[in-house]
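Listing of upload.txt; format and content: compact mmCIF, C-alpha atoms and all ligand atoms.
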```txt
# COMPACT_ATOMS: atom_id res chain seq x y z
CA MET O 1 27.22 9.05 -17.32
CA PHE O 2 27.02 12.54 -15.83
CA ARG O 3 29.55 14.96 -14.42
CA ASP O 4 29.44 17.36 -11.48
CA ALA O 5 26.50 19.16 -9.84
CA ASP O 6 24.72 19.95 -13.11
CA SER O 7 24.67 16.29 -13.90
CA ARG O 8 23.23 15.47 -10.50
CA ALA O 9 20.51 18.04 -11.11
CA ALA O 10 19.77 16.36 -14.42
CA VAL O 11 19.30 13.03 -12.68
CA ASN O 12 16.93 14.69 -10.21
CA GLU O 13 14.86 16.24 -12.96
CA LEU O 14 14.41 12.86 -14.62
CA ASP O 15 12.11 11.76 -11.88
CA LEU O 16 9.64 14.61 -11.89
CA GLU O 17 7.17 12.31 -13.58
CA PRO O 18 3.66 11.49 -12.42
CA GLY O 19 3.83 9.35 -9.32
CA GLY O 20 1.96 7.54 -6.46
CA LEU O 21 0.95 7.02 -2.74
CA ARG O 22 0.44 3.65 -1.23
CA GLY O 23 -0.12 3.71 2.44
CA TYR O 24 0.95 7.24 3.19
CA LEU O 25 -0.19 9.36 5.89
CA LYS O 26 -1.02 9.48 9.51
CA PRO O 27 2.07 9.02 11.66
CA ARG O 28 2.25 5.70 13.43
CA MET O 29 2.94 5.62 17.09
CA GLY O 30 4.93 2.45 17.15
CA SER O 31 7.37 0.41 15.27
CA ILE O 32 9.24 1.64 12.32
CA GLY O 33 11.78 -0.88 11.34
CA LYS O 34 15.40 -0.75 12.06
CA PRO O 35 17.71 0.47 9.31
CA SER O 36 18.20 -2.11 6.64
CA SER O 37 21.13 -4.37 5.92
CA PRO O 38 24.58 -3.13 4.93
CA VAL O 39 26.01 -2.37 1.52
CA VAL O 40 26.39 -5.45 -0.67
CA ALA O 41 28.07 -4.13 -3.79
CA ALA O 42 31.21 -2.02 -3.74
CA PRO O 43 31.53 0.75 -6.33
CA SER O 44 34.19 0.36 -8.98
CA ALA O 45 35.17 2.01 -12.24
CA ALA O 46 33.50 -0.78 -14.16
CA ASN O 47 30.34 -0.83 -12.04
CA PRO O 48 29.77 2.48 -10.31
CA ILE O 49 26.33 1.47 -9.01
CA THR O 50 26.14 0.43 -5.40
CA CYS O 51 23.27 -0.23 -3.01
CA ARG O 52 23.05 0.76 0.64
CA PRO O 53 20.50 1.47 3.37
CA ALA O 54 18.92 4.88 2.93
CA VAL O 55 19.96 7.77 5.17
CA PHE O 56 18.17 10.97 6.14
CA ALA O 57 19.91 13.00 3.44
CA ASP O 58 18.37 10.75 0.76
CA CYS O 59 14.79 11.73 1.61
CA GLY O 60 14.29 14.24 -1.20
CA ARG O 61 15.45 11.81 -3.88
CA ILE O 62 13.54 8.93 -2.33
CA ALA O 63 10.37 11.03 -2.41
CA ARG O 64 10.79 11.79 -6.10
CA LEU O 65 11.35 8.15 -6.92
CA ILE O 66 8.32 7.14 -4.84
CA CYS O 67 6.35 9.53 -7.04
CA VAL O 68 7.71 7.74 -10.10
CA ALA O 69 6.78 4.36 -8.67
CA GLY O 70 3.25 5.53 -7.96
CA GLY O 71 2.52 6.26 -11.60
CA GLY O 72 0.52 9.42 -10.86
CA LEU O 73 -1.17 8.28 -7.66
CA TYR O 74 0.58 10.78 -5.42
CA GLU O 75 -0.04 13.67 -7.78
CA PHE O 76 -3.70 12.64 -7.79
CA LEU O 77 -3.90 12.48 -4.00
CA LEU O 78 -1.66 15.36 -3.03
CA GLY O 79 -1.63 17.69 -6.04
CA ASP O 80 -2.86 21.24 -5.35
CA LEU O 81 -3.55 20.53 -1.70
CA ILE O 82 -1.34 23.52 -0.97
CA PRO O 83 -0.61 25.87 -3.90
CA PHE O 84 2.92 25.54 -5.32
CA VAL O 85 3.77 22.57 -3.09
CA HIS O 86 4.69 19.58 -5.24
CA PRO O 87 3.51 16.15 -4.02
CA ALA O 88 7.17 15.14 -3.72
CA ASN O 89 7.53 17.77 -0.99
CA PHE O 90 4.78 16.09 1.03
CA LEU O 91 6.48 12.76 0.49
CA THR O 92 9.84 14.16 1.54
CA ILE O 93 8.33 15.00 4.92
CA ALA O 94 6.83 11.51 5.18
CA THR O 95 10.09 9.80 4.27
CA ALA O 96 11.99 11.96 6.75
CA SER O 97 9.74 10.92 9.62
CA ALA O 98 10.24 7.70 11.53
CA GLY O 99 6.49 7.71 12.14
CA TYR O 100 5.55 6.71 8.60
CA ALA O 101 5.93 3.33 6.96
CA MET O 102 7.33 5.30 4.04
CA SER O 103 10.25 6.39 6.24
CA TYR O 104 13.72 6.32 4.75
CA ARG O 105 14.48 3.78 7.47
CA ASN O 106 12.41 1.32 5.47
CA CYS O 107 14.22 2.12 2.23
CA ARG O 108 17.25 0.92 0.36
CA VAL O 109 18.82 3.08 -2.31
CA ALA O 110 20.96 2.51 -5.38
CA ILE O 111 23.73 5.05 -5.85
CA ASP O 112 25.71 6.19 -8.84
CA ALA O 113 29.04 6.33 -7.06
CA LYS O 114 30.59 8.66 -9.61
CA LEU O 115 27.90 11.27 -8.99
CA ASP O 116 27.08 10.32 -5.44
CA ALA O 117 23.45 10.45 -6.63
CA VAL O 118 20.51 8.25 -5.65
CA ILE O 119 19.27 6.61 -8.85
CA GLY O 120 17.00 3.90 -7.47
CA MET O 121 15.10 2.98 -4.35
CA ALA O 122 12.85 0.39 -2.72
CA ASN O 123 10.50 1.05 0.20
CA VAL O 124 9.60 -2.17 2.01
CA PHE O 125 7.77 -2.84 5.29
CA PRO O 126 5.20 -5.24 6.79
CA THR O 127 1.84 -4.74 5.11
CA ASP O 128 0.11 -4.64 8.48
CA LEU O 129 1.77 -1.32 9.27
CA LEU O 130 -0.68 0.22 6.82
CA LYS O 131 -3.48 -0.46 9.29
CA GLN O 132 -1.95 2.22 11.49
CA GLU O 133 -1.97 4.87 8.79
CA SER O 134 -4.81 7.04 7.58
CA LEU O 135 -5.84 8.92 4.47
CA MET O 136 -8.24 11.14 6.40
CA MET O 137 -6.22 14.29 5.71
CA LEU O 138 -7.04 13.93 2.00
CA PRO O 139 -10.18 15.22 0.28
CA PHE O 140 -12.95 12.60 0.44
CA SER O 141 -13.40 12.39 -3.33
CA ARG O 142 -9.73 11.48 -3.81
CA ARG O 143 -9.47 8.81 -1.15
CA ASN O 144 -12.86 7.43 -2.16
CA HIS O 145 -11.63 7.07 -5.74
CA ILE O 146 -8.74 4.83 -4.68
CA ARG O 147 -10.62 2.95 -1.97
CA ALA O 148 -10.35 -0.37 -3.83
CA LEU O 149 -6.57 -0.02 -3.77
CA VAL O 150 -6.36 0.96 -0.11
CA ASP O 151 -8.62 -1.91 1.01
CA LEU O 152 -6.95 -4.58 -1.10
CA HIS O 153 -3.90 -6.01 0.63
CA ASP O 154 -2.25 -9.32 1.40
CA TRP O 155 -2.26 -8.80 5.16
CA GLY O 156 0.52 -10.61 6.95
CA SER O 157 2.97 -10.27 4.06
CA MET O 158 5.99 -8.02 3.60
CA PHE O 159 4.97 -5.17 1.32
CA VAL O 160 6.98 -3.57 -1.48
CA ASN O 161 5.40 -0.14 -1.24
CA ALA O 162 7.56 1.46 -3.92
CA LEU O 163 10.31 0.41 -6.31
CA ALA O 164 11.78 2.73 -8.92
CA VAL O 165 14.95 3.27 -10.90
CA SER O 166 15.78 6.51 -12.71
CA GLU O 167 14.99 6.16 -16.38
CA LEU O 168 18.55 6.34 -17.71
CA TYR O 169 19.65 3.58 -15.36
CA ARG O 170 16.98 0.99 -16.14
CA CYS O 171 17.63 -2.44 -17.62
CA ARG O 172 20.94 -2.72 -15.80
CA GLY O 173 19.76 -5.10 -13.11
CA ILE O 174 19.29 -2.42 -10.44
CA GLY O 175 15.56 -2.99 -9.98
CA GLY O 176 16.20 -6.72 -9.68
CA GLN O 177 18.88 -6.13 -7.08
CA LEU O 178 16.56 -3.93 -5.00
CA LEU O 179 13.83 -6.55 -5.26
CA ASP O 180 16.28 -9.23 -4.13
CA TRP O 181 16.96 -7.10 -1.07
CA ALA O 182 13.22 -6.91 -0.37
CA GLU O 183 13.03 -10.70 -0.51
CA ASP O 184 16.05 -11.14 1.76
CA LEU O 185 14.58 -8.66 4.22
CA ALA O 186 11.29 -10.53 4.27
CA LYS O 187 13.11 -13.79 4.98
CA GLN O 188 15.18 -12.24 7.73
CA GLU O 189 12.06 -10.84 9.37
CA GLY O 190 10.27 -14.19 9.24
CA PHE O 191 7.78 -13.45 6.48
CA ASP O 192 6.90 -16.15 3.97
CA ARG O 193 5.76 -13.88 1.15
CA LEU O 194 6.12 -10.49 -0.49
CA SER O 195 3.24 -8.50 -1.91
CA LEU O 196 2.87 -5.31 -3.93
CA HIS O 197 0.51 -3.29 -6.09
CA VAL O 198 1.15 -2.50 -9.73
CA TRP O 199 -1.01 -0.64 -12.23
CA ALA O 200 -2.49 -3.10 -14.72
CA ASP O 201 -1.33 -0.92 -17.61
CA ASN O 202 2.27 -0.73 -16.35
CA THR O 203 3.33 -3.65 -18.51
CA THR O 204 7.05 -3.11 -17.95
CA ALA O 205 6.72 -3.46 -14.20
CA LEU O 206 4.11 -6.22 -14.52
CA ASN O 207 6.43 -8.31 -16.68
CA PHE O 208 9.36 -7.49 -14.41
CA TYR O 209 7.48 -8.86 -11.38
CA LYS O 210 6.10 -11.90 -13.22
CA ALA O 211 9.59 -12.81 -14.41
CA ARG O 212 10.66 -12.75 -10.76
CA GLY O 213 8.00 -15.14 -9.53
CA PHE O 214 5.13 -12.84 -8.58
CA ILE O 215 1.59 -13.97 -9.32
CA GLN O 216 -1.61 -11.98 -9.54
CA LEU O 217 -3.81 -12.29 -6.45
CA ALA O 218 -6.60 -9.81 -7.16
CA VAL O 219 -7.44 -6.58 -8.96
CA GLY O 220 -8.54 -3.37 -7.28
CA ASN O 221 -11.00 -1.59 -9.52
CA ILE O 222 -9.77 1.98 -9.80
CA PRO O 223 -11.80 3.76 -12.49
CA TYR O 224 -10.06 5.88 -15.08
CA HIS O 225 -9.89 9.51 -14.00
CA SER O 226 -8.68 12.54 -15.91
CA ARG O 227 -6.11 13.07 -13.12
CA LEU O 228 -5.28 9.37 -12.63
CA ARG O 229 -5.04 7.94 -16.09
CA HIS O 230 -4.86 4.20 -15.66
CA VAL O 231 -6.97 1.49 -17.20
CA GLY O 232 -7.51 -1.97 -15.73
CA GLY O 233 -7.10 -0.98 -12.09
CA SER O 234 -4.37 -1.90 -9.65
CA ILE O 235 -3.16 -5.49 -9.45
CA LEU O 236 -2.23 -7.04 -6.11
CA MET O 237 0.69 -9.43 -6.66
CA GLN O 238 2.32 -11.92 -4.34
CA LYS O 239 5.50 -13.94 -4.25
CA LYS O 240 5.92 -16.86 -1.86
CA ILE O 241 9.39 -17.12 -0.42
CA GLY O 242 11.12 -19.71 1.67
CA SER O 243 11.04 -18.47 5.25
CA ARG O 244 14.21 -19.76 6.80
CA TYR O 245 14.29 -17.37 9.69
CA ARG O 246 12.24 -16.95 12.79
CA CYS O 247 10.44 -13.70 13.34
CA SER O 248 12.35 -11.33 15.59
CA GLY O 249 9.14 -9.61 16.61
CA SER O 250 10.25 -6.31 15.12
CA ARG O 251 8.76 -4.30 12.25
CA GLY O 252 5.18 -5.22 13.08
CA CYS O 253 5.70 -8.87 12.26
CA PRO O 254 2.33 -10.54 12.82
CA ARG O 255 3.80 -13.69 14.36
CA ALA O 256 5.27 -13.79 17.79
CA PRO O 257 8.87 -14.92 18.04
CA LYS O 258 9.31 -18.52 19.17
C1 LIG O 301 10.21 -1.65 -12.84
C2 LIG O 301 11.63 -1.09 -12.67
C3 LIG O 301 11.85 -0.76 -11.21
C4 LIG O 301 12.65 -2.13 -13.10
O1 LIG O 301 13.95 -1.60 -12.82
P1 LIG O 301 15.21 -2.03 -13.71
O2 LIG O 301 16.40 -1.51 -13.02
O3 LIG O 301 15.00 -1.63 -15.11
O4 LIG O 301 15.13 -3.60 -13.54
P2 LIG O 301 16.20 -4.69 -14.06
O5 LIG O 301 17.23 -4.06 -14.87
O6 LIG O 301 16.60 -5.50 -12.89
O7 LIG O 301 15.29 -5.63 -14.96
C5 LIG O 301 14.53 -5.08 -16.00
C6 LIG O 301 14.53 -5.97 -17.20
O8 LIG O 301 15.62 -5.58 -17.97
C7 LIG O 301 16.42 -6.74 -18.25
N1 LIG O 301 17.81 -6.33 -18.18
C8 LIG O 301 18.57 -6.29 -17.09
N2 LIG O 301 19.81 -5.88 -17.40
C9 LIG O 301 19.80 -5.64 -18.73
C10 LIG O 301 20.76 -5.17 -19.63
N3 LIG O 301 22.02 -4.87 -19.25
N4 LIG O 301 20.40 -4.98 -20.92
C11 LIG O 301 19.15 -5.27 -21.32
N5 LIG O 301 18.19 -5.73 -20.50
C12 LIG O 301 18.52 -5.91 -19.21
C13 LIG O 301 16.10 -7.72 -17.24
O9 LIG O 301 16.29 -9.04 -17.75
C14 LIG O 301 14.69 -7.40 -16.96
O10 LIG O 301 13.84 -8.06 -17.87
P3 LIG O 301 12.95 -9.28 -17.41
O11 LIG O 301 12.11 -8.79 -16.26
O12 LIG O 301 12.13 -9.62 -18.60
O13 LIG O 301 13.92 -10.34 -17.02
C15 LIG O 301 11.84 0.16 -13.57
O14 LIG O 301 11.40 -0.14 -14.85
C16 LIG O 301 11.13 1.40 -13.07
O15 LIG O 301 11.64 2.12 -12.23
N6 LIG O 301 9.94 1.69 -13.64
C17 LIG O 301 9.20 2.92 -13.29
C18 LIG O 301 8.63 2.83 -11.89
C19 LIG O 301 7.72 1.65 -11.76
O16 LIG O 301 6.89 1.38 -12.61
N7 LIG O 301 7.88 0.95 -10.63
C20 LIG O 301 7.07 -0.18 -10.28
C21 LIG O 301 5.86 0.31 -9.57
S1 LIG O 301 4.82 -1.02 -9.08
```

Rewrite the structure from the file as structure tokens, please.
Amino acid sequence: MFRDADSRAAVNELDLEPGGLRGYLKPRMGSIGKPSSPVVAAPSAANPITCRPAVFADCGRIARLICVAGGGLYEFLLGDLIPFVHPANFLTIATASAGYAMSYRNCRVAIDAKLDAVIGMANVFPTDLLKQESLMMLPFSRRNHIRALVDLHDWGSMFVNALAVSELYRCRGIGGQLLDWAEDLAKQEGFDRLSLHVWADNTTALNFYKARGFIQLAVGNIPYHSRLRHVGGSILMQKKIGSRYRCSGSRGCPRAPK
């Protein structure tokens, strides 16, 4: 689709859209998960897209895609905190640190093998890890505005914090593949359900999740704001999955291993 470094830059620019922050912030003292499972799809001329666990060098691209997934939330929370520092720069630091649930260690990326460019990502971790993070570094008015979202969670589930695919690569099954990984990870870690938040007006994502077995659990009432332009609030969705595995006790799993 693209050639050389200019093409890679073009892919990067695609994702400088409004974006979001779910469960960002204060470093956790304990358990970040172990790196995720190995590559499942080999690149080929016919299908140059492959998925693999994220590595440190992916952090910048992961941060941009997390912004895309957030639908403006991160710009709302982090914009203009420090002049000329884009919210994606804050997120790059968070993804680079093992102390945040948003860490690259909790991410899987989709790669365009021809460009060696990250064109999709999923950030997945136990929801309960969010209890160890804090929004206190943010201005009160901003965190107060999204309080309904921060308080509304399916505790005890595995949480899909962010899922995004670069615009030119959508509708090729990449998002579905990353979501399948999230489900497999949840099973392996002993969780019986996945949860996530999606803006009520993000009909593409809403339909995507519904088609994959997610149901609506509740709605967090986030009022429309000139800097966070969503109507209908944020929907908490859940998918029950068959839990065939026992919890290993890692990644903040709420159940003790048997
Ligand atoms: C939501 C999102 C991650 C989906 O990623 P994706 O790679 O387009 O997902 P898929 O290709 O697996 O599936 C998308 C749809 O396209 C369809 N599709 C898949 N391959 C296709 C193809 N080759 N041609 C046409 N349609 C195709 C799928 O059937 C699916 O439709 P369905 O849900 O009705 O079955 C992507 O739209 C995105 O990044 N959106 C912006 C960020 C965002 O909103 N993230 C969610 C935040 S909660």

Would you write out, as a Markdown table, a table of all residues in chain O that have an atom no more than 8 Å from an atom of ligand LIG 301 (chain O), listing for each the closest atom pair and the distance in Å to one decimal, considering all atoms listed in the file and ordering rows by chain and rising residue number?
```
| residue | atom | partner | partner_atom | distance |
| --- | --- | --- | --- | --- |
| O:Leu65 | CA | O:LIG301 | C18 | 7.8 |
| O:Val68 | CA | O:LIG301 | C18 | 5.3 |
| O:Ala69 | CA | O:LIG301 | C18 | 4.0 |
| O:Gly70 | CA | O:LIG301 | C21 | 6.1 |
| O:Gly71 | CA | O:LIG301 | O16 | 6.6 |
| O:Gly120 | CA | O:LIG301 | O15 | 7.4 |
| O:Asn161 | CA | O:LIG301 | S1 | 7.9 |
| O:Ala162 | CA | O:LIG301 | C21 | 6.0 |
| O:Leu163 | CA | O:LIG301 | N7 | 5.0 |
| O:Ala164 | CA | O:LIG301 | O15 | 3.4 |
| O:Val165 | CA | O:LIG301 | O15 | 3.7 |
| O:Ser166 | CA | O:LIG301 | O15 | 6.1 |
| O:Glu167 | CA | O:LIG301 | O15 | 6.7 |
| O:Tyr169 | CA | O:LIG301 | O2 | 6.5 |
| O:Arg170 | CA | O:LIG301 | O3 | 3.4 |
| O:Cys171 | CA | O:LIG301 | O5 | 3.2 |
| O:Arg172 | CA | O:LIG301 | N2 | 3.7 |
| O:Gly173 | CA | O:LIG301 | O6 | 3.2 |
| O:Ile174 | CA | O:LIG301 | O2 | 4.0 |
| O:Gly175 | CA | O:LIG301 | O2 | 3.5 |
| O:Gly176 | CA | O:LIG301 | O6 | 3.5 |
| O:Gln177 | CA | O:LIG301 | O6 | 6.3 |
| O:Leu196 | CA | O:LIG301 | S1 | 7.0 |
| O:His197 | CA | O:LIG301 | S1 | 5.7 |
| O:Val198 | CA | O:LIG301 | S1 | 4.0 |
| O:Trp199 | CA | O:LIG301 | S1 | 6.6 |
| O:Asn202 | CA | O:LIG301 | O16 | 6.3 |
| O:Thr204 | CA | O:LIG301 | O14 | 6.1 |
| O:Ala205 | CA | O:LIG301 | C1 | 4.2 |
| O:Leu206 | CA | O:LIG301 | S1 | 7.6 |
| O:Asn207 | CA | O:LIG301 | O11 | 5.7 |
| O:Phe208 | CA | O:LIG301 | O11 | 3.6 |
| O:Tyr209 | CA | O:LIG301 | O11 | 6.7 |
| O:Lys210 | CA | O:LIG301 | O11 | 7.4 |
| O:Ala211 | CA | O:LIG301 | O11 | 5.1 |
| O:Arg212 | CA | O:LIG301 | O11 | 6.9 |
```

My list of candidates is O:Ala186, O:Leu138, O:Leu194, O:Arg52. Which is closest to Gly79 of chain O when distances are computed with all atoms listed in the file? O:Leu138

Between O:Leu149, O:Leu168, O:Leu185, O:Ala110, which one has atoms that come closest to Ser234 of chain O, using only C-alpha atoms? O:Leu149

Can you pull out every residue within 8 Å of Ile111 of chain O, counting all atoms listed in the file, but drop anything in the same chain fewer than 6 positions away, and send it as a list in words? Pro48, Ile49, Thr50, Cys51, Arg52, Ala117, Val118, Ile119 and Gly120 of chain O

Mind pulling up the distance from atom CA of Val124 of chain O to atom CA of Leu179 of chain O? 9.5 Å

Can you work out the spacing between atom CA of Thr95 of chain O and atom CA of Val150 of chain O in Å, to one decimal? 19.2 Å

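Atom CA of His225 of chain O to atom CA of Arg61 of chain O spans 27.4 Å [interatomic distance, one decimal].
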
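Candidate residues O:Ile66, O:Leu228, O:Ala200, O:Leu78 were compared for distance to Pro139 of chain O, and the nearest is O:Leu78, using only C-alpha atoms.
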
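When only C-alpha atoms are used to compute distances to Phe159 of chain O, the closest of the residues O:Lys187, O:Arg227, O:Arg193, O:Arg64 turns out to be O:Arg193.
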
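Take the candidates O:Ala96, O:Glu183, O:Asp128, O:Arg143 and check each one against Cys59 of chain O using only C-alpha atoms; the shortest distance goes to O:Ala96.
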
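In terms of minimum interatomic distance to Asn106 of chain O, O:Ala182 ranks closest within O:Ala88, O:Gln238, O:Ala182, O:Leu77, counting all atoms listed in the file.
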
If we count only C-alpha atoms and set the cut-off at 8 Å, which residues sit around Val231 of chain O, ignoring sequence neighbours fewer than 4 positions away in its own chain? Please answer as a PyMOL selection string. chain O and resi 200-201+222-224

Can you list, as a PyMOL selection string, every protein, DNA or RNA residue that comes within 6 Å of segment 213-217 of chain O when you count only C-alpha atoms, leaving out same-chain residues fewer than 5 positions away? chain O and resi 236-239
